[in-house]
Number of protein chains: 2
Amino acid sequence: MGVKEDVQKPLDRLSEALASDMEAVNALIRQKMLSRHAPRIPEVTAHLIEAGGKRLRPLLTLASARMVGYDGPYHIHLAATVEFIHTATLLHDDVVDESRQRRGRPTANLLWDNKSSVLVGDYLFARSFQLMVEPGNLRTLEILSNASATIAEGEVLQLTAAQDLRTDEAIYLQVVRGKTAALFSAATEVGGVIADAPAEMVQALFDYGDALGIAFQIVDDVLDYGGAADTIGKNVGDDFRERKLTLPVIKAVALADAEERAFWQRTIEQGDQRDGDLEHALHLLARHGALEAARMNALNWAAKARQALTKLPPHPIRDMLSELADFVVSRVA
Amino acid sequence: MGVKEDVQKPLDRLSEALASDMEAVNALIRQKMLSRHAPRIPEVTAHLIEAGGKRLRPLLTLASARMVGYDGPYHIHLAATVEFIHTATLLHDDVVDESRQRRGRPTANLLWDNKSSVLVGDYLFARSFQLMVEPGNLRTLEILSNASATIAEGEVLQLTAAQDLRTDEAIYLQVVRGKTAALFSAATEVGGVIADAPAEMVQALFDYGDALGIAFQIVDDVLDYGGAADTIGKNVGDDFRERKLTLPVIKAVALADAEERAFWQRTIEQGDQRDGDLEHALHLLARHGALEAARMNALNWAAKARQALTKLPPHPIRDMLSELADFVVSRVA
């Protein structure tokens with residue numbers, strides 16, 4: 001893995017190039033997360049939104065719109081919408097996963113309670129819809145409301161598929177497209193649509209976001225078995241403890257002998273986990289080269305993302321997005 | 001209280017008058033609650049949507065649109081949207097309230113789990129936004145997304161205000177406008193907007209929905225201390241056990257002496273409830289005429305609802321809506 005300072009550069013460069021746009025997005029977010037009547041709302045929202053997230057998704061919208069020559073005001077609203085959808089999703093995810101840590105800090109459900117996380121998440125969803133109505137563009141409304149439905153569908157699918165050893169790579173991809181890539185691809189696509197870019201450019205933007213999102217999620221799933229708590233903001237083995245069938249485990253299960261299969265059945269399907277099980281899981285992943293194979297998948301998706309960009313006109317931001325694709329997988333490169 | 005068969009008539013008459021529209025709404029709901037990938041979604045949704053709810057809110061949209069002469073197709077989408085928002089809200093409410101019964105049946109969070117309720121609720125929210133985009137009318141989008149934000153805000157406000165004895169009738173009204181009346185008034189308002197009715201008629205429709213929603217919620221809160229489990233689909237005293245400061249209790253607290261105040265502090269604020277406390281609470285409500293006073297408030301709001309209708313042109317459906325206002329309060333009349 002690269003040195004942290006080094007690998008952060010592409011995202012920082014993108015942030016810098018879009019700094020004044022991003023400032024406008026942040027101002028809009030701060031304005032819209034207020035609530036006249038319920039102070040709990042900005043408290044919970046600020047905890048998450050100000051937690052030093054990279055604002056990757058709204059940056060994708062801003063970058064996409066700028067890259068195809070948009071100079072109107074509405075990419076700001078769409079970027080803020082995307083961040084609100086993302087934040088609402090995080091709040092609900094942490095309730096569903098019973099998480100205790102996010103980005104290295106205690107989760108909202110731990111600091112306040114599940115009720116606040118559910119209801120403030122609902123508020124942010126509703127706010128995101130108010131925001132996306134403002135540009136008055138029906139196509140972006142359609143894309144973003146479709147993405148919201150796909151995200152929720154992916155999460156429900158994960159709920160039922162996660163602890164089922166029959167889950168294969170095709171189902172995994174569907175879950176990942178839902179829970180992660182749908183918002184990435186919507187973020188890039190609406191940037192093109194609001195700029196009224198030609199259909200093939202909009203498609204290229206969609207493809208970039210889709211591939212980037214998939215690469216991003218695979219990296220996350222690989223790091224869960226191999227990163228350090230201080231770099232990933234959560235603990236090694238969280239997915240294992242939460243009995244999530246992520247790509248590395250799916251690959252190891254596909255190559256498992258009878259004894260190994262019994263191990264995965266006990267630990268993931270039945271949730272009967274004992275001391276030393278995480279270490280044994282890591283051993284099995286290594287035996288079948290599962291982390292390495294998942295890592296290769298991530299690199300392939302990053303390459304697809306870069307490939308999609310070649311269908312867009314040359315632009316400094318295009319180069320940054322290309323580097324961003326490398327950056328996303330650099331944590332496992 | 002009236003005889004059950006008798007008081008149901010106005011709502012049944014309205015359902016009958018709008019039967020073919022409602023059939024289209026039901027078909028659209030069934031179509032949109034499907035999920036290609038996640039069968040858990042229609043399972044949970046069907047449990048709630050097919051549970052014999054009266055479809056009161058979508059009926060309000062259909063009635064409003066028809067009453068002002070709409071003959072296009074889109075009131076169907078808006079009515080389905082309203083029902084989806086309502087259903088999503090119920091799913092999340094039951095998680096937040098840790099409810100075990102709804103409409104006389106076990107809740108989804110009990111039959112499946114909280115996770116499914118949270119995520120399927122999110123899916124229905126997203127679906128509702130997809131649905132409301134279809135008519136391509138930006139004003140109805142604005143109204144319905146505003147209503148969603150107001151609902152969530154009302155729920156969060158209730159979370160913080162519910163167990164605080166300083167909560168007065170003004171705050172109660174704000175909570176009720178949020179959690180209940182916002183969707184009633186949005187339901188009626190969008191019916192007028194999609195029909196392109198004049199501004200004063202749209203305002204009258206809004207006012208009717210607002211007053212009807214407030215009356216409806218006050219009745220609910222009164223019945224919680226006075227109804228029978230088989231007519232209200234939940235148990236007497238649920239609000240007391242959940243430490244909710246509803247209108248009857250707010251009125252009793254306002255008139256409480258020191259000893260009574262200490263009782264409410266212990267049972268509602270501190271949640272220290274013992275055998276016989278519910279009976280004592282009922283005794284205090286009776287001593288101060290709190291249920292009777294809340295009942296009068298409900299009747300006043302029903303009268304306001306009927307009053308609003310006088311600004312609309314004569315129409316058989318208008319008469320039914322007027323009777324509906326009486327029906328809503330007839331359970332406590």
# chains A, B, ... in the order shown; residues from 1 in each chain; ligands from 1
>>> interface_residues(of="chain B", to="chain A", cutoff="7 Å", atoms="only C-alpha atoms", output="PyMOL selection string")
chain B and resi 37-38+96+115-116+119-120+122-123+126-127+129-130+133+136+138+141-142+145-146+148-149+152-153+155-157
>>> write_last_selection(atoms="N, CA and C atoms", output="PDB file, in the first residue's frame")
ATOM      1  N   HIS B  37     -35.312  -7.911  -7.466  1.00  0.00           N
ATOM      2  CA  HIS B  37     -34.177  -8.558  -6.820  1.00  0.00           C
ATOM      3  C   HIS B  37     -34.402  -8.926  -5.357  1.00  0.00           C
ATOM      4  N   ALA B  38     -35.266  -8.193  -4.683  1.00  0.00           N
ATOM      5  CA  ALA B  38     -35.358  -8.380  -3.238  1.00  0.00           C
ATOM      6  C   ALA B  38     -36.794  -8.713  -2.830  1.00  0.00           C
ATOM      7  N   VAL B  96     -39.376   3.069  15.576  1.00  0.00           N
ATOM      8  CA  VAL B  96     -39.056   4.107  16.559  1.00  0.00           C
ATOM      9  C   VAL B  96     -39.846   3.891  17.848  1.00  0.00           C
ATOM     10  N   LYS B 115     -34.362  -4.046  10.893  1.00  0.00           N
ATOM     11  CA  LYS B 115     -33.587  -3.772   9.685  1.00  0.00           C
ATOM     12  C   LYS B 115     -34.475  -3.749   8.455  1.00  0.00           C
ATOM     13  N   SER B 116     -35.314  -4.785   8.342  1.00  0.00           N
ATOM     14  CA  SER B 116     -36.198  -4.860   7.180  1.00  0.00           C
ATOM     15  C   SER B 116     -37.155  -3.669   7.161  1.00  0.00           C
ATOM     16  N   LEU B 119     -35.190  -0.500   5.996  1.00  0.00           N
ATOM     17  CA  LEU B 119     -34.764  -0.497   4.593  1.00  0.00           C
ATOM     18  C   LEU B 119     -35.949  -0.573   3.634  1.00  0.00           C
ATOM     19  N   VAL B 120     -36.964  -1.357   3.969  1.00  0.00           N
ATOM     20  CA  VAL B 120     -38.149  -1.397   3.096  1.00  0.00           C
ATOM     21  C   VAL B 120     -38.853  -0.038   3.143  1.00  0.00           C
ATOM     22  N   ASP B 122     -37.331   2.807   3.469  1.00  0.00           N
ATOM     23  CA  ASP B 122     -36.522   3.633   2.558  1.00  0.00           C
ATOM     24  C   ASP B 122     -36.882   3.362   1.102  1.00  0.00           C
ATOM     25  N   TYR B 123     -37.063   2.096   0.802  1.00  0.00           N
ATOM     26  CA  TYR B 123     -37.429   1.723  -0.569  1.00  0.00           C
ATOM     27  C   TYR B 123     -38.760   2.369  -0.961  1.00  0.00           C
ATOM     28  N   ALA B 126     -38.346   6.039  -1.607  1.00  0.00           N
ATOM     29  CA  ALA B 126     -37.729   6.253  -2.917  1.00  0.00           C
ATOM     30  C   ALA B 126     -38.747   6.001  -4.029  1.00  0.00           C
ATOM     31  N   ARG B 127     -39.534   4.938  -3.865  1.00  0.00           N
ATOM     32  CA  ARG B 127     -40.579   4.635  -4.838  1.00  0.00           C
ATOM     33  C   ARG B 127     -41.589   5.780  -4.926  1.00  0.00           C
ATOM     34  N   PHE B 129     -41.025   8.847  -4.516  1.00  0.00           N
ATOM     35  CA  PHE B 129     -40.461   9.943  -5.289  1.00  0.00           C
ATOM     36  C   PHE B 129     -40.426   9.623  -6.776  1.00  0.00           C
ATOM     37  N   GLN B 130     -40.135   8.365  -7.093  1.00  0.00           N
ATOM     38  CA  GLN B 130     -40.213   7.972  -8.504  1.00  0.00           C
ATOM     39  C   GLN B 130     -41.616   8.219  -9.050  1.00  0.00           C
ATOM     40  N   VAL B 133     -42.602  11.850  -9.658  1.00  0.00           N
ATOM     41  CA  VAL B 133     -41.922  12.486 -10.795  1.00  0.00           C
ATOM     42  C   VAL B 133     -42.723  12.259 -12.082  1.00  0.00           C
ATOM     43  N   GLY B 136     -44.764  14.794 -14.024  1.00  0.00           N
ATOM     44  CA  GLY B 136     -43.988  15.890 -14.605  1.00  0.00           C
ATOM     45  C   GLY B 136     -44.442  17.264 -14.145  1.00  0.00           C
ATOM     46  N   LEU B 138     -43.961  20.133 -11.498  1.00  0.00           N
ATOM     47  CA  LEU B 138     -42.981  20.531 -10.483  1.00  0.00           C
ATOM     48  C   LEU B 138     -43.630  21.008  -9.189  1.00  0.00           C
ATOM     49  N   LEU B 141     -44.466  18.098  -7.046  1.00  0.00           N
ATOM     50  CA  LEU B 141     -43.212  17.566  -6.498  1.00  0.00           C
ATOM     51  C   LEU B 141     -42.777  18.352  -5.282  1.00  0.00           C
ATOM     52  N   GLU B 142     -42.903  19.670  -5.414  1.00  0.00           N
ATOM     53  CA  GLU B 142     -42.502  20.553  -4.330  1.00  0.00           C
ATOM     54  C   GLU B 142     -43.372  20.296  -3.091  1.00  0.00           C
ATOM     55  N   SER B 145     -42.559  16.757  -1.609  1.00  0.00           N
ATOM     56  CA  SER B 145     -41.243  16.645  -0.962  1.00  0.00           C
ATOM     57  C   SER B 145     -41.201  17.518   0.290  1.00  0.00           C
ATOM     58  N   ASN B 146     -41.876  18.678   0.251  1.00  0.00           N
ATOM     59  CA  ASN B 146     -41.988  19.485   1.473  1.00  0.00           C
ATOM     60  C   ASN B 146     -42.733  18.717   2.567  1.00  0.00           C
ATOM     61  N   SER B 148     -42.910  15.522   2.991  1.00  0.00           N
ATOM     62  CA  SER B 148     -42.039  14.472   3.535  1.00  0.00           C
ATOM     63  C   SER B 148     -41.071  15.043   4.558  1.00  0.00           C
ATOM     64  N   ALA B 149     -40.507  16.208   4.255  1.00  0.00           N
ATOM     65  CA  ALA B 149     -39.561  16.829   5.191  1.00  0.00           C
ATOM     66  C   ALA B 149     -40.289  17.243   6.469  1.00  0.00           C
ATOM     67  N   ALA B 152     -40.959  14.165   8.689  1.00  0.00           N
ATOM     68  CA  ALA B 152     -39.761  13.707   9.409  1.00  0.00           C
ATOM     69  C   ALA B 152     -39.399  14.691  10.518  1.00  0.00           C
ATOM     70  N   GLU B 153     -39.530  15.974  10.225  1.00  0.00           N
ATOM     71  CA  GLU B 153     -39.223  16.989  11.235  1.00  0.00           C
ATOM     72  C   GLU B 153     -40.177  16.854  12.425  1.00  0.00           C
ATOM     73  N   GLU B 155     -41.644  14.185  13.437  1.00  0.00           N
ATOM     74  CA  GLU B 155     -41.308  12.968  14.182  1.00  0.00           C
ATOM     75  C   GLU B 155     -40.107  13.201  15.087  1.00  0.00           C
ATOM     76  N   VAL B 156     -39.104  13.928  14.560  1.00  0.00           N
ATOM     77  CA  VAL B 156     -37.922  14.204  15.381  1.00  0.00           C
ATOM     78  C   VAL B 156     -38.308  15.120  16.544  1.00  0.00           C
ATOM     79  N   LEU B 157     -39.139  16.117  16.238  1.00  0.00           N
ATOM     80  CA  LEU B 157     -39.594  17.022  17.297  1.00  0.00           C
ATOM     81  C   LEU B 157     -40.331  16.235  18.377  1.00  0.00           C
TER      82      LEU B 157
END
>>> select_by_dssp(residues="region 143-285 of chain B", states="alpha helix (DSSP H)", output="PyMOL selection string")
chain B and resi 143-161+169-176+182-194+199-223+229-232+238-241+247-254+258-264+277-285
>>> closest_residue(among="B:Val68, B:Gln101, B:Met33, B:Leu212", to="Ala80 (chain B)", atoms="only C-alpha atoms")
B:Met33
>>> residues_around(residues="region 189-204 of chain A", least_positions_apart="6", cutoff="8 Å", atoms="only C-alpha atoms", output="PyMOL selection string")
chain A and resi 60-66+68-72+74-75+78+137+139-140+143-144+308-309+311-312
>>> write_last_selection(atoms="N, CA, C and O atoms", output="tab-separated table (two decimals), in the first residue's frame")
chain	number	residue	atom	x	y	z
A	60	LEU	N	-17.96	14.30	-7.63
A	60	LEU	CA	-18.17	13.64	-8.93
A	60	LEU	C	-19.20	14.39	-9.76
A	60	LEU	O	-19.07	14.52	-10.98
A	61	THR	N	-20.25	14.88	-9.09
A	61	THR	CA	-21.27	15.65	-9.82
A	61	THR	C	-20.70	16.96	-10.34
A	61	THR	O	-20.89	17.32	-11.52
A	62	LEU	N	-20.00	17.66	-9.47
A	62	LEU	CA	-19.40	18.93	-9.89
A	62	LEU	C	-18.42	18.71	-11.04
A	62	LEU	O	-18.44	19.43	-12.05
A	63	ALA	N	-17.56	17.70	-10.89
A	63	ALA	CA	-16.54	17.42	-11.92
A	63	ALA	C	-17.21	17.07	-13.24
A	63	ALA	O	-16.80	17.57	-14.30
A	64	SER	N	-18.26	16.23	-13.18
A	64	SER	CA	-18.92	15.80	-14.42
A	64	SER	C	-19.55	17.00	-15.14
A	64	SER	O	-19.41	17.15	-16.37
A	65	ALA	N	-20.23	17.85	-14.38
A	65	ALA	CA	-20.88	19.01	-14.99
A	65	ALA	C	-19.84	19.95	-15.60
A	65	ALA	O	-19.98	20.39	-16.76
A	66	ARG	N	-18.80	20.24	-14.87
A	66	ARG	CA	-17.76	21.17	-15.36
A	66	ARG	C	-17.05	20.63	-16.58
A	66	ARG	O	-16.75	21.36	-17.52
A	68	VAL	N	-18.02	18.78	-18.93
A	68	VAL	CA	-18.74	18.88	-20.21
A	68	VAL	C	-19.24	20.30	-20.43
A	68	VAL	O	-20.12	20.54	-21.26
A	69	GLY	N	-18.67	21.26	-19.69
A	69	GLY	CA	-18.87	22.67	-20.03
A	69	GLY	C	-20.05	23.36	-19.37
A	69	GLY	O	-20.47	24.44	-19.81
A	70	TYR	N	-20.62	22.77	-18.30
A	70	TYR	CA	-21.78	23.42	-17.66
A	70	TYR	C	-21.35	24.68	-16.92
A	70	TYR	O	-20.34	24.70	-16.25
A	71	ASP	N	-22.11	25.75	-17.08
A	71	ASP	CA	-21.78	26.95	-16.31
A	71	ASP	C	-23.00	27.53	-15.58
A	71	ASP	O	-22.97	28.67	-15.14
A	72	GLY	N	-24.06	26.73	-15.47
A	72	GLY	CA	-25.25	27.18	-14.73
A	72	GLY	C	-25.07	26.95	-13.23
A	72	GLY	O	-24.01	26.48	-12.81
A	74	TYR	N	-27.03	24.92	-11.21
A	74	TYR	CA	-27.77	23.82	-10.58
A	74	TYR	C	-26.96	22.56	-10.26
A	74	TYR	O	-27.45	21.68	-9.56
A	75	HIS	N	-25.72	22.50	-10.76
A	75	HIS	CA	-24.88	21.35	-10.34
A	75	HIS	C	-24.64	21.42	-8.83
A	75	HIS	O	-24.40	20.39	-8.20
A	78	LEU	N	-27.60	19.67	-7.22
A	78	LEU	CA	-27.54	18.23	-7.46
A	78	LEU	C	-26.44	17.59	-6.61
A	78	LEU	O	-26.61	16.49	-6.07
A	137	ASN	N	-35.46	20.14	-13.36
A	137	ASN	CA	-35.11	19.26	-14.48
A	137	ASN	C	-35.64	17.85	-14.20
A	137	ASN	O	-35.17	17.16	-13.30
A	139	ARG	N	-35.46	15.03	-15.82
A	139	ARG	CA	-34.58	13.89	-16.07
A	139	ARG	C	-33.65	13.64	-14.87
A	139	ARG	O	-33.42	12.49	-14.48
A	140	THR	N	-33.13	14.72	-14.26
A	140	THR	CA	-32.26	14.51	-13.09
A	140	THR	C	-33.08	13.99	-11.90
A	140	THR	O	-32.59	13.19	-11.11
A	143	ILE	N	-33.42	10.29	-12.49
A	143	ILE	CA	-32.17	9.56	-12.23
A	143	ILE	C	-31.93	9.42	-10.72
A	143	ILE	O	-31.61	8.34	-10.22
A	144	LEU	N	-32.13	10.51	-10.00
A	144	LEU	CA	-31.82	10.48	-8.57
A	144	LEU	C	-32.86	9.70	-7.77
A	144	LEU	O	-32.51	9.02	-6.80
A	308	ALA	N	-13.78	4.50	-19.71
A	308	ALA	CA	-15.01	5.26	-20.00
A	308	ALA	C	-14.67	6.73	-20.25
A	308	ALA	O	-15.28	7.40	-21.10
A	309	LEU	N	-13.69	7.23	-19.51
A	309	LEU	CA	-13.33	8.65	-19.63
A	309	LEU	C	-12.78	9.01	-21.01
A	309	LEU	O	-12.87	10.16	-21.44
A	311	LYS	N	-13.99	8.51	-23.69
A	311	LYS	CA	-15.06	8.95	-24.61
A	311	LYS	C	-15.49	10.39	-24.35
A	311	LYS	O	-16.43	10.89	-24.97
A	312	LEU	N	-14.80	11.02	-23.40
A	312	LEU	CA	-15.11	12.42	-23.10
A	312	LEU	C	-14.00	13.31	-23.65
A	312	LEU	O	-12.86	12.85	-23.81
>>> atom_distance(atom1="CA of Gly209 (chain B)", atom2="CA of Thr188 (chain B)")
5.7 Å
>>> residues_around(residues="region 19-22 of chain A", least_positions_apart="4", cutoff="9 Å", atoms="only C-alpha atoms", output="JSON, numbers by chain")
{"A": [14, 15, 26, 27, 55, 58, 59, 62, 75, 76, 79]}
>>> write_last_selection(atoms="all heavy atoms", output="PDB file, in the first residue's frame")
ATOM      1  N   LEU A  14      -8.511  17.298  -7.133  1.00  0.00           N
ATOM      2  CA  LEU A  14      -9.875  17.484  -7.626  1.00  0.00           C
ATOM      3  C   LEU A  14     -10.630  18.483  -6.726  1.00  0.00           C
ATOM      4  O   LEU A  14     -11.313  19.392  -7.222  1.00  0.00           O
ATOM      5  CB  LEU A  14     -10.597  16.134  -7.649  1.00  0.00           C
ATOM      6  CG  LEU A  14     -11.891  16.026  -8.445  1.00  0.00           C
ATOM      7  CD1 LEU A  14     -11.662  16.322  -9.916  1.00  0.00           C
ATOM      8  CD2 LEU A  14     -12.494  14.629  -8.301  1.00  0.00           C
ATOM      9  N   SER A  15     -10.480  18.309  -5.429  1.00  0.00           N
ATOM     10  CA  SER A  15     -11.127  19.225  -4.478  1.00  0.00           C
ATOM     11  C   SER A  15     -10.665  20.658  -4.713  1.00  0.00           C
ATOM     12  O   SER A  15     -11.459  21.598  -4.653  1.00  0.00           O
ATOM     13  CB  SER A  15     -10.793  18.848  -3.031  1.00  0.00           C
ATOM     14  OG  SER A  15     -11.316  17.603  -2.724  1.00  0.00           O
ATOM     15  N   ASN A  26     -21.164  23.205   0.162  1.00  0.00           N
ATOM     16  CA  ASN A  26     -21.120  23.148   1.624  1.00  0.00           C
ATOM     17  C   ASN A  26     -22.057  24.166   2.261  1.00  0.00           C
ATOM     18  O   ASN A  26     -22.720  23.874   3.262  1.00  0.00           O
ATOM     19  CB  ASN A  26     -19.688  23.354   2.126  1.00  0.00           C
ATOM     20  CG  ASN A  26     -18.838  22.116   1.912  1.00  0.00           C
ATOM     21  OD1 ASN A  26     -19.361  21.003   1.892  1.00  0.00           O
ATOM     22  ND2 ASN A  26     -17.543  22.299   1.733  1.00  0.00           N
ATOM     23  N   ALA A  27     -22.107  25.353   1.670  1.00  0.00           N
ATOM     24  CA  ALA A  27     -23.001  26.387   2.205  1.00  0.00           C
ATOM     25  C   ALA A  27     -24.457  25.934   2.080  1.00  0.00           C
ATOM     26  O   ALA A  27     -25.260  26.095   3.009  1.00  0.00           O
ATOM     27  CB  ALA A  27     -22.778  27.709   1.469  1.00  0.00           C
ATOM     28  N   ARG A  55     -16.336  14.084   0.710  1.00  0.00           N
ATOM     29  CA  ARG A  55     -17.292  14.639  -0.242  1.00  0.00           C
ATOM     30  C   ARG A  55     -17.034  14.097  -1.660  1.00  0.00           C
ATOM     31  O   ARG A  55     -17.164  14.822  -2.634  1.00  0.00           O
ATOM     32  CB  ARG A  55     -17.219  16.159  -0.283  1.00  0.00           C
ATOM     33  CG  ARG A  55     -17.467  16.838   1.043  1.00  0.00           C
ATOM     34  CD  ARG A  55     -18.945  17.127   1.213  1.00  0.00           C
ATOM     35  NE  ARG A  55     -19.203  18.241   2.104  1.00  0.00           N
ATOM     36  CZ  ARG A  55     -19.277  18.130   3.430  1.00  0.00           C
ATOM     37  NH1 ARG A  55     -19.117  16.952   3.994  1.00  0.00           N
ATOM     38  NH2 ARG A  55     -19.543  19.189   4.165  1.00  0.00           N
ATOM     39  N   PRO A  58     -20.430  14.250  -4.129  1.00  0.00           N
ATOM     40  CA  PRO A  58     -20.748  15.557  -4.723  1.00  0.00           C
ATOM     41  C   PRO A  58     -19.633  16.075  -5.638  1.00  0.00           C
ATOM     42  O   PRO A  58     -19.926  16.734  -6.640  1.00  0.00           O
ATOM     43  CB  PRO A  58     -20.940  16.469  -3.505  1.00  0.00           C
ATOM     44  CG  PRO A  58     -20.405  15.725  -2.333  1.00  0.00           C
ATOM     45  CD  PRO A  58     -20.483  14.272  -2.665  1.00  0.00           C
ATOM     46  N   LEU A  59     -18.376  15.756  -5.315  1.00  0.00           N
ATOM     47  CA  LEU A  59     -17.275  16.154  -6.207  1.00  0.00           C
ATOM     48  C   LEU A  59     -17.461  15.543  -7.595  1.00  0.00           C
ATOM     49  O   LEU A  59     -17.171  16.176  -8.615  1.00  0.00           O
ATOM     50  CB  LEU A  59     -15.924  15.713  -5.634  1.00  0.00           C
ATOM     51  CG  LEU A  59     -15.264  16.653  -4.624  1.00  0.00           C
ATOM     52  CD1 LEU A  59     -14.016  15.994  -4.035  1.00  0.00           C
ATOM     53  CD2 LEU A  59     -14.889  17.991  -5.281  1.00  0.00           C
ATOM     54  N   LEU A  62     -19.999  17.663  -9.475  1.00  0.00           N
ATOM     55  CA  LEU A  62     -19.395  18.933  -9.886  1.00  0.00           C
ATOM     56  C   LEU A  62     -18.416  18.714 -11.039  1.00  0.00           C
ATOM     57  O   LEU A  62     -18.443  19.435 -12.050  1.00  0.00           O
ATOM     58  CB  LEU A  62     -18.655  19.573  -8.693  1.00  0.00           C
ATOM     59  CG  LEU A  62     -19.511  19.923  -7.467  1.00  0.00           C
ATOM     60  CD1 LEU A  62     -18.616  20.452  -6.331  1.00  0.00           C
ATOM     61  CD2 LEU A  62     -20.581  20.955  -7.824  1.00  0.00           C
ATOM     62  N   HIS A  75     -25.716  22.500 -10.764  1.00  0.00           N
ATOM     63  CA  HIS A  75     -24.883  21.354 -10.343  1.00  0.00           C
ATOM     64  C   HIS A  75     -24.640  21.417  -8.828  1.00  0.00           C
ATOM     65  O   HIS A  75     -24.399  20.388  -8.199  1.00  0.00           O
ATOM     66  CB  HIS A  75     -23.571  21.318 -11.127  1.00  0.00           C
ATOM     67  CG  HIS A  75     -22.713  22.531 -10.963  1.00  0.00           C
ATOM     68  ND1 HIS A  75     -23.224  23.810 -10.889  1.00  0.00           N
ATOM     69  CD2 HIS A  75     -21.366  22.667 -10.858  1.00  0.00           C
ATOM     70  CE1 HIS A  75     -22.231  24.671 -10.745  1.00  0.00           C
ATOM     71  NE2 HIS A  75     -21.087  23.999 -10.727  1.00  0.00           N
ATOM     72  N   ILE A  76     -24.725  22.615  -8.270  1.00  0.00           N
ATOM     73  CA  ILE A  76     -24.561  22.785  -6.810  1.00  0.00           C
ATOM     74  C   ILE A  76     -25.682  22.042  -6.071  1.00  0.00           C
ATOM     75  O   ILE A  76     -25.437  21.280  -5.131  1.00  0.00           O
ATOM     76  CB  ILE A  76     -24.581  24.290  -6.430  1.00  0.00           C
ATOM     77  CG1 ILE A  76     -23.521  25.069  -7.223  1.00  0.00           C
ATOM     78  CG2 ILE A  76     -24.421  24.465  -4.914  1.00  0.00           C
ATOM     79  CD1 ILE A  76     -22.089  24.659  -6.960  1.00  0.00           C
ATOM     80  N   ALA A  79     -25.310  18.281  -6.479  1.00  0.00           N
ATOM     81  CA  ALA A  79     -24.208  17.758  -5.658  1.00  0.00           C
ATOM     82  C   ALA A  79     -24.635  17.667  -4.189  1.00  0.00           C
ATOM     83  O   ALA A  79     -24.357  16.667  -3.515  1.00  0.00           O
ATOM     84  CB  ALA A  79     -22.969  18.636  -5.812  1.00  0.00           C
TER      85      ALA A  79
END
>>> select_by_dssp(residues="region 6-144 of chain A", states="strand (DSSP E or B)", output="list in words")
Gln101, Arg102, Arg105 and Pro106 of chain A
>>> write_last_selection(atoms="N, CA and C atoms", output="compact mmCIF listing (two decimals), in the first residue's frame")
# COMPACT_ATOMS: atom_id res chain seq x y z
N GLN A 101 -18.80 2.52 15.10
CA GLN A 101 -17.76 3.44 14.67
C GLN A 101 -17.92 3.73 13.18
N ARG A 102 -17.70 4.99 12.81
CA ARG A 102 -17.75 5.38 11.40
C ARG A 102 -16.74 6.51 11.23
N ARG A 105 -14.99 7.61 14.33
CA ARG A 105 -15.70 8.26 15.44
C ARG A 105 -16.92 7.42 15.82
N PRO A 106 -17.45 7.62 17.04
CA PRO A 106 -18.66 6.88 17.41
C PRO A 106 -19.81 7.23 16.45
>>> residues_around(residues="Thr167 (chain A)", least_positions_apart="2", cutoff="10 Å", atoms="only C-alpha atoms", output="count of residues only")
17
>>> residues_around(residues="Asp275 (chain A)", least_positions_apart="6", cutoff="12 Å", atoms="only C-alpha atoms", output="MDAnalysis selection string")
chainID A and resid 241 267 281
>>> atom_distance(atom1="CA of Leu282 (chain A)", atom2="CA of Ala258 (chain A)")
17.5 Å
>>> atom_distance(atom1="CA of Glu323 (chain A)", atom2="CA of Leu173 (chain A)")
23.6 Å
>>> decode(residues="region 5-28 of chain B", atoms="C-alpha atoms", output="short mmCIF file (atom, residue, chain, number, x, y, z; two decimals), in the first residue's frame")
data_model
loop_
_atom_site.label_atom_id
_atom_site.label_comp_id
_atom_site.auth_asym_id
_atom_site.auth_seq_id
_atom_site.Cartn_x
_atom_site.Cartn_y
_atom_site.Cartn_z
CA GLU B 5 -71.61 0.02 11.01
CA ASP B 6 -73.25 3.39 11.03
CA VAL B 7 -70.23 5.65 11.37
CA GLN B 8 -68.29 3.85 8.65
CA LYS B 9 -70.75 4.92 6.02
CA PRO B 10 -69.26 8.28 4.89
CA LEU B 11 -65.84 6.78 4.17
CA ASP B 12 -67.45 3.81 2.44
CA ARG B 13 -69.58 6.13 0.32
CA LEU B 14 -66.48 8.07 -0.70
CA SER B 15 -64.68 4.81 -1.56
CA GLU B 16 -67.64 3.75 -3.65
CA ALA B 17 -67.86 7.04 -5.52
CA LEU B 18 -64.15 6.81 -6.35
CA ALA B 19 -64.03 3.03 -6.81
CA SER B 20 -62.62 2.90 -10.33
CA ASP B 21 -59.97 5.51 -9.54
CA MET B 22 -59.07 3.61 -6.39
CA GLU B 23 -58.82 0.39 -8.37
CA ALA B 24 -56.23 2.10 -10.59
CA VAL B 25 -54.36 3.34 -7.52
CA ASN B 26 -54.29 -0.16 -6.05
CA ALA B 27 -53.02 -1.64 -9.31
CA LEU B 28 -50.26 0.98 -9.46
#
